[in-house]
Amino acid sequence: MIHNTERISALIITYNEMGYIEKCLESVSFADEIIVVDSYSTDGTYQFLLNHPKVKVLQKPFVNYTDQKSFALKQASNDWVLFLDADEVITEPLREEIKITATRDSKHSAYWCYRKFMFQNRRLYFSGWQTDKNYRLFRKSKVRFCDKKIVHETLIVNGSSGVLHKPLMHYCYKTYTDYKMKMMKYGRLKAKEAFQQKKTFNYFSLIVKPLWKFSYNYIIRLGILDGKKGIIVCYLNALGEGERYMELKRLWKKRQHVYSPSFR
């Protein structure tokens with residue numbers, strides 16, 4: 001069957017992604033152009049990308065995820081964009097679905113994609129990840145990233161949205177330390193977002209929110225069925241939630257220190 005697939009730009013943002021980016025790039029090799037925006041990696045990622053025959057790589061200092069992805073989106077030459085994280089891999093069935101979907105007469109402006117969370121190289125079935133999905137395929141001319149969100153960026157779509165039936169693979173958990181650092185970073189960025197929105201710190205949230213996060217994912221979202229992997233992932237997600245409120249506390253304390261009068 002012949003489909004009137006339009007040209008596709010694959011976009012990725014990176015920072016120290018060796019061990020992830022290789023599989024990601026291989027999986028999007030069908031795209032008509034591959035653009036990677038790197039935020040000055042120190043592990044050899046940038047050098048690897050420079051030597052990749054199919055990749056156009058740019059470097060930009062990291063401000064936040066929305067800023068980085070908005071910049072990357074502007075670089076795309078084609079209207080259809082496939083936007084991935086460096087730890088995501090397009091499977092062969094999904095690749096074929098994308099080719100069928102990214103057409104001139106496509107009925108939607110953007111498409112959600114479900115993700116299978118991979119704990120190292122093994123599937124995590126529950127722990128809050130079973131319904132995880134994100135926008136991954138969309139028309140550049142019909143979308144923009146909301147500038148009020150700086151982490152877990154929000155795509156604003158002009159038009160209707162559809163859902164791709166085939167999931168992608170999300171290799172988010174490489175090692176304990178790697179995932180812990182990722183969750184802590186997300187927590188600090190969420191705190192910065194909350195601080196900019198004038199949300200105040202309180203000890204109730206610091207104590208209760210992490211406990212609720214763990215309980216919700218481990219019990220209600222059935223993380224208990226993922227065994228030891230479920231305990232680890234649910235704990236680290238809760239740890240990131242705790243870091244969010246600790247960082248919010250630090251930001252307000254720093255602000256009070258800056259604006260408090262000095263008495264000598």
# chains A, B, ... in the order shown; residues from 1 in each chain; ligands from 1

$ select_by_dssp --residues "stretch 102-180 of chain A" --states "strand (DSSP E)" --output "mmCIF file with C-alpha atoms, in the first residue's frame"
data_model
loop_
_atom_site.group_PDB
_atom_site.id
_atom_site.type_symbol
_atom_site.label_atom_id
_atom_site.label_comp_id
_atom_site.auth_asym_id
_atom_site.auth_seq_id
_atom_site.Cartn_x
_atom_site.Cartn_y
_atom_site.Cartn_z
ATOM 1 C CA ALA A 110 -1.125 16.102 16.975
ATOM 2 C CA TYR A 111 -0.923 12.543 18.244
ATOM 3 C CA TRP A 112 -0.445 11.084 21.705
ATOM 4 C CA CYS A 113 1.854 8.103 22.060
ATOM 5 C CA TYR A 114 1.781 5.564 24.894
ATOM 6 C CA ARG A 115 5.115 4.545 26.418
ATOM 7 C CA LYS A 116 6.318 1.238 27.833
ATOM 8 C CA PHE A 117 8.587 1.968 30.789
ATOM 9 C CA MET A 118 11.757 -0.124 30.711
ATOM 10 C CA PHE A 119 13.522 -0.807 34.014
ATOM 11 C CA ARG A 122 13.030 -5.296 31.577
ATOM 12 C CA ARG A 123 9.456 -4.046 31.314
ATOM 13 C CA LYS A 133 1.521 8.927 27.299
ATOM 14 C CA ASN A 134 2.872 12.091 25.676
ATOM 15 C CA TYR A 135 2.535 14.050 22.481
ATOM 16 C CA ARG A 136 5.237 12.757 20.151
ATOM 17 C CA LEU A 137 3.983 13.355 16.599
ATOM 18 C CA PHE A 138 2.516 16.681 15.523
ATOM 19 C CA ARG A 139 2.442 19.443 12.933
ATOM 20 C CA VAL A 143 1.498 23.610 18.076
ATOM 21 C CA ARG A 144 3.561 25.502 20.616
ATOM 22 C CA PHE A 145 4.965 24.709 24.045
ATOM 23 C CA LEU A 155 2.037 21.199 24.196
ATOM 24 C CA ILE A 156 -0.743 23.583 23.143
ATOM 25 C CA VAL A 157 -2.433 22.228 20.030
ATOM 26 C CA SER A 161 -5.608 15.295 18.774
ATOM 27 C CA GLY A 162 -5.443 11.581 18.048
ATOM 28 C CA VAL A 163 -3.724 8.587 19.630
ATOM 29 C CA LEU A 164 -1.154 6.298 18.048
ATOM 30 C CA HIS A 165 -1.973 2.666 18.749
ATOM 31 C CA LYS A 166 1.579 1.310 18.904
ATOM 32 C CA PRO A 167 3.658 2.308 21.963
ATOM 33 C CA LEU A 168 7.271 3.434 22.077
ATOM 34 C CA MET A 169 9.886 2.045 24.454
ATOM 35 C CA HIS A 170 10.967 4.338 27.291
ATOM 36 C CA TYR A 171 14.394 3.342 28.674
ATOM 37 C CA CYS A 172 14.192 5.781 31.554
ATOM 38 C CA TYR A 173 15.822 3.629 34.258
#

$ residues_around --residues "stretch 192-197 of chain A" --least-positions-apart "4" --cutoff "9 Å" --atoms "only C-alpha atoms" --output "VMD selection string"
chain A and resid 148 to 151 187 to 188 201 244 247 to 248 251 to 252

$ write_last_selection --atoms "N, CA, C and O atoms" --output "tab-separated table (two decimals), in the first residue's frame"
chain	number	residue	atom	x	y	z
A	148	LYS	N	4.59	28.65	30.44
A	148	LYS	CA	4.39	28.68	31.89
A	148	LYS	C	4.81	27.37	32.55
A	148	LYS	O	4.88	27.28	33.77
A	149	LYS	N	5.09	26.36	31.73
A	149	LYS	CA	5.54	25.06	32.24
A	149	LYS	C	7.01	24.89	31.89
A	149	LYS	O	7.39	25.01	30.72
A	150	ILE	N	7.85	24.60	32.88
A	150	ILE	CA	9.27	24.48	32.61
A	150	ILE	C	9.78	23.04	32.77
A	150	ILE	O	10.90	22.73	32.43
A	151	VAL	N	8.92	22.16	33.30
A	151	VAL	CA	9.26	20.74	33.36
A	151	VAL	C	7.97	19.97	33.05
A	151	VAL	O	6.88	20.43	33.34
A	187	GLY	N	12.38	17.40	40.39
A	187	GLY	CA	11.82	18.00	41.60
A	187	GLY	C	12.23	19.45	41.76
A	187	GLY	O	11.40	20.31	42.09
A	188	ARG	N	13.49	19.74	41.52
A	188	ARG	CA	13.98	21.13	41.66
A	188	ARG	C	13.35	22.04	40.60
A	188	ARG	O	13.03	23.21	40.88
A	201	PHE	N	5.68	27.61	50.51
A	201	PHE	CA	6.10	26.35	51.12
A	201	PHE	C	5.34	26.12	52.43
A	201	PHE	O	5.05	27.04	53.17
A	244	ARG	N	11.20	18.40	45.60
A	244	ARG	CA	10.42	19.54	45.09
A	244	ARG	C	10.09	20.52	46.22
A	244	ARG	O	10.27	21.74	46.07
A	247	GLU	N	13.30	22.13	47.84
A	247	GLU	CA	13.83	23.20	46.99
A	247	GLU	C	12.95	24.44	47.06
A	247	GLU	O	13.45	25.57	47.06
A	248	LEU	N	11.63	24.24	47.13
A	248	LEU	CA	10.72	25.38	47.26
A	248	LEU	C	11.00	26.12	48.56
A	248	LEU	O	10.99	27.36	48.61
A	251	LEU	N	14.14	28.17	48.07
A	251	LEU	CA	13.93	29.35	47.22
A	251	LEU	C	13.28	30.49	47.99
A	251	LEU	O	13.67	31.65	47.85
A	252	TRP	N	12.27	30.15	48.81
A	252	TRP	CA	11.61	31.20	49.60
A	252	TRP	C	12.54	31.76	50.68
A	252	TRP	O	12.54	32.95	50.95

$ residues_around --residues "A:Asn217" --least-positions-apart "2" --cutoff "10 Å" --atoms "only C-alpha atoms" --output "PyMOL selection string"
chain A and resi 126-129+212-215+219-224+230-231+233-235+237-238

$ closest_residue --among "A:Leu58, A:Val208, A:Ala102, A:Val81" --to "A:Tyr15" --atoms "only C-alpha atoms"
A:Leu58

$ atom_distance --atom1 "atom CA of A:Gln68" --atom2 "atom CA of A:Glu97"
27.3 Å

$ select_by_dssp --residues "stretch 56-214 of chain A" --states "alpha helix (DSSP H)" --output "JSON, numbers by chain"
{"A": [65, 66, 67, 68, 69, 70, 71, 72, 73, 74, 75, 92, 93, 94, 95, 96, 97, 98, 99, 100, 101, 176, 177, 178, 179, 180, 181, 182, 183, 184, 185, 186, 187, 188, 189, 190, 191, 192, 193, 194, 195, 196, 203, 204, 205, 206, 207, 208, 209, 210, 211, 212, 213, 214]}

$ closest_residue --among "A:Val36, A:Ile90, A:Ala191, A:Ile13" --to "A:Leu206" --atoms "only C-alpha atoms"
A:Ala191

$ residues_around --residues "stretch 7-10 of chain A" --least-positions-apart "5" --cutoff "8 Å" --atoms "only C-alpha atoms" --output "MDAnalysis selection string"
chainID A and resid 28 31:35 76:84 102

$ residues_around --residues "A:Glu243" --least-positions-apart "6" --cutoff "12 Å" --atoms "only C-alpha atoms" --output "ChimeraX atom specification"
/A:180-192,205-207,209-210,236-237,249-250

$ residues_around --residues "stretch 46-51 of chain A" --least-positions-apart "3" --cutoff "12 Å" --atoms "only C-alpha atoms" --output "number ranges by chain"
A: 12-22, 24-25, 34-43, 54-60
